[in-house]
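Visitor: Let me begin by handing over the structure; questions about it come next.
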Amino acid sequence: MASRGFTDSQIEAFLWIMRTRSATKAAEKMLITQPAISRLIKQLEQRLGFALFDRVNNRLLPTRKGKLFYDEVEKVYAGLTHLKGFADRLKKQVVGQFNIVSMPAFAVNLLPELAIAIDSQFPGLDIGLYSYRSTQIIAEMAAQRFDFAITTDLTEDPRYQSVFYTIPNICLLPEAHPLARKPFIQIADFNGETLIGGEPNEYIRTSISDLFHEAQITPSKTWSVSLSDMASRLVAGGKGLAIINCISAMDIPLGTVARPFDNLVDYQLQVIIPLEKDMDPLTKEINRHLLGAFEQKLCQARERFYP
């Protein structure tokens, strides 16, 4: 540190005297002699233009200005300690906060699994997991507030990179439901049944509604939920049938069964990452691992329900 001409050693000597209340103990901490400590303090006071200590009966008592200066020095050194820790972690290629966001459908089951996957590769990385509405995710990624995002909003934007995926849906039923005996579910099977679906304005809910309209299928009633986990629990309670993506269906509760459709009902989504120029090498590597973990999970789900 070089402000107003004083040195690291001078500031360190001042800090140790303030902390130990003893020039002798400060010298021991710095592995130098007591006269050297006194010399450093005298030099610092000359640079600052005011006294840091009053000498009373061979004791160094901080002056009012000395106390005020110490408060500021402590703040600076706290920041320097954080900066040193940051540099150490950067040297080990584990740095900062990596923030992942998804729409609610994947927030409960998939995001923790992805976080566990990258934590094993990058131990010590601080990870943030968030759930936003799909339309909100687009704006957040354009503003570079997250490092990795999953959304059903398919809007492309030159401010980020997009990777698109098609995910099959499955039908989730109570295990005691008559349709659970069928190996495949048809759209016509939903006629007169209670449908447990996503929020009314969500992409997948709109797509299913259009599909039902074209097939002239009318559920007896429709429940709206934000999370796949909510839908699964309602199905387990015998409240209806749900159409959920096959990744979420990998972790269904007791009392439910998952059945594929005879014709695929697709779930389109977008994975968003920052532009190449906006990512440091470590962020690129983390995103590479995340995409790999996501694609592996998708492959497992497809093989399970649509072998």
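Naming scheme: A, B, ... for chains in displayed order of the structure tokens; residues 1 onward per chain; ligands 1 onward as shown.
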Once DSSP has gone over the backbone, tell me which residues of region 33-113 of chain A are in alpha helix (DSSP H), as a PyMOL selection string.

Guide: chain A and resi 34-48+64-91+104-107+110-113

Visitor: Need the shell around Leu110 (chain A): protein/DNA/RNA residues with any atom at most 12 Å away, counting only C-alpha atoms. Skip same-chain ones fewer than 6 positions apart. Format as JSON, numbers by chain?

Guide: {"A": [100, 101, 102, 103, 104, 116, 117, 129, 130, 131, 149, 150, 227, 228, 229, 245, 246, 247, 248, 249, 250, 251, 290, 293, 294, 295, 296, 297, 298, 301]}

Visitor: Please indicate the distance in Å from CA of Ala115 (chain A) to CA of Lys284 (chain A), rounded to one decimal place.

Guide: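 Taking CA of Ala115 (chain A) as the start and CA of Lys284 (chain A) as the end point, the length is 15.5 Å.
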
Visitor: Write out as number ranges by chain the residues lying within 12 Å of Pro168 (chain A), counting only C-alpha atoms and excluding same-chain residues fewer than 3 positions away.

Guide: A: 165, 171, 204, 243-249, 259-269, 298-307

Visitor: Let's have the selection written as a PDB file, in the first residue's frame, with C-alpha atoms.

Guide:
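File selection.pdb, as written:
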ATOM      1  CA  TYR A 165     -33.378 -28.473 -26.116  1.00  0.00           C
ATOM      2  CA  CYS A 171     -48.189 -38.286 -17.913  1.00  0.00           C
ATOM      3  CA  ILE A 204     -45.979 -25.516 -21.689  1.00  0.00           C
ATOM      4  CA  ILE A 243     -48.230 -33.578 -17.709  1.00  0.00           C
ATOM      5  CA  ILE A 244     -44.670 -32.905 -16.601  1.00  0.00           C
ATOM      6  CA  ASN A 245     -41.298 -32.993 -18.296  1.00  0.00           C
ATOM      7  CA  CYS A 246     -39.413 -36.282 -18.103  1.00  0.00           C
ATOM      8  CA  ILE A 247     -36.516 -34.771 -16.126  1.00  0.00           C
ATOM      9  CA  SER A 248     -38.818 -33.745 -13.282  1.00  0.00           C
ATOM     10  CA  ALA A 249     -40.492 -37.151 -13.558  1.00  0.00           C
ATOM     11  CA  ARG A 259     -46.440 -43.200 -18.406  1.00  0.00           C
ATOM     12  CA  PRO A 260     -45.118 -42.046 -21.792  1.00  0.00           C
ATOM     13  CA  PHE A 261     -47.397 -40.685 -24.504  1.00  0.00           C
ATOM     14  CA  ASP A 262     -48.063 -42.665 -27.653  1.00  0.00           C
ATOM     15  CA  ASN A 263     -47.091 -39.525 -29.575  1.00  0.00           C
ATOM     16  CA  LEU A 264     -44.462 -37.260 -28.086  1.00  0.00           C
ATOM     17  CA  VAL A 265     -45.660 -34.150 -26.328  1.00  0.00           C
ATOM     18  CA  ASP A 266     -42.540 -31.996 -26.373  1.00  0.00           C
ATOM     19  CA  TYR A 267     -41.297 -29.478 -23.881  1.00  0.00           C
ATOM     20  CA  GLN A 268     -39.087 -26.787 -25.431  1.00  0.00           C
ATOM     21  CA  LEU A 269     -36.579 -24.903 -23.354  1.00  0.00           C
ATOM     22  CA  LEU A 298     -31.757 -35.366 -20.107  1.00  0.00           C
ATOM     23  CA  CYS A 299     -30.314 -38.480 -21.757  1.00  0.00           C
ATOM     24  CA  GLN A 300     -31.098 -40.581 -18.666  1.00  0.00           C
ATOM     25  CA  ALA A 301     -34.685 -39.281 -18.558  1.00  0.00           C
ATOM     26  CA  ARG A 302     -35.265 -39.990 -22.246  1.00  0.00           C
ATOM     27  CA  GLU A 303     -33.902 -43.519 -21.952  1.00  0.00           C
ATOM     28  CA  ARG A 304     -36.090 -44.215 -18.929  1.00  0.00           C
ATOM     29  CA  PHE A 305     -39.406 -43.075 -20.368  1.00  0.00           C
ATOM     30  CA  TYR A 306     -38.862 -43.273 -24.132  1.00  0.00           C
ATOM     31  CA  PRO A 307     -36.315 -46.100 -24.642  1.00  0.00           C
TER      32      PRO A 307
END

Visitor: For Lys65 (chain A), list every protein, DNA or RNA residue within 9 Å, evaluated using only C-alpha atoms, and leave out those in the same chain fewer than 5 positions away; present the list as a PyMOL selection string.

Guide: chain A and resi 50-53+70

Visitor: Any chance you can output those residues with N, CA, C and O atoms as an mmCIF file, in the first residue's frame?

Guide:
data_model
loop_
_atom_site.group_PDB
_atom_site.id
_atom_site.type_symbol
_atom_site.label_atom_id
_atom_site.label_comp_id
_atom_site.auth_asym_id
_atom_site.auth_seq_id
_atom_site.Cartn_x
_atom_site.Cartn_y
_atom_site.Cartn_z
ATOM 1 N N PHE A 50 0.556 14.186 11.810
ATOM 2 C CA PHE A 50 -0.055 14.281 13.140
ATOM 3 C C PHE A 50 0.400 13.084 13.974
ATOM 4 O O PHE A 50 0.832 12.046 13.440
ATOM 5 N N ALA A 51 0.286 13.242 15.305
ATOM 6 C CA ALA A 51 0.720 12.188 16.219
ATOM 7 C C ALA A 51 -0.332 11.092 16.319
ATOM 8 O O ALA A 51 -1.536 11.357 16.381
ATOM 9 N N LEU A 52 0.150 9.857 16.320
ATOM 10 C CA LEU A 52 -0.737 8.713 16.486
ATOM 11 C C LEU A 52 -0.822 8.267 17.943
ATOM 12 O O LEU A 52 -1.827 7.685 18.355
ATOM 13 N N PHE A 53 0.242 8.532 18.698
ATOM 14 C CA PHE A 53 0.300 8.093 20.092
ATOM 15 C C PHE A 53 0.844 9.211 20.980
ATOM 16 O O PHE A 53 1.644 10.041 20.542
ATOM 17 N N TYR A 70 -6.984 4.530 12.967
ATOM 18 C CA TYR A 70 -7.017 3.070 13.130
ATOM 19 C C TYR A 70 -8.318 2.489 12.587
ATOM 20 O O TYR A 70 -8.318 1.431 11.931
#

Visitor: Which residue out of A:Arg159, A:Arg47, A:Arg181, A:Lys25 has the minimum interatomic distance to Ile11 (chain A) when only C-alpha atoms are used?

Guide: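 With only C-alpha atoms as the atom set, the closest residue is A:Arg47.
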
Visitor: Determine the nearest neighbour of Ile273 (chain A) from the options A:Phe14, A:Phe106, A:Phe148, A:Phe122, counting only C-alpha atoms.

Guide: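 Among A:Phe14, A:Phe106, A:Phe148, A:Phe122, it is A:Phe148 that comes nearest to Ile273 (chain A).
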
Visitor: CA of Thr194 (chain A) and CA of Ser220 (chain A) are how many Å apart?

Guide: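 About the pair CA of Thr194 (chain A) and CA of Ser220 (chain A): they are 5.4 Å apart.
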
Visitor: Find the residue from A:Asn169, A:Leu211, A:Asn99, A:Thr222 that sits nearest to Thr283 (chain A); use only C-alpha atoms when measuring.

Guide: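 Under the stated criterion, the closest residue is A:Asn99.
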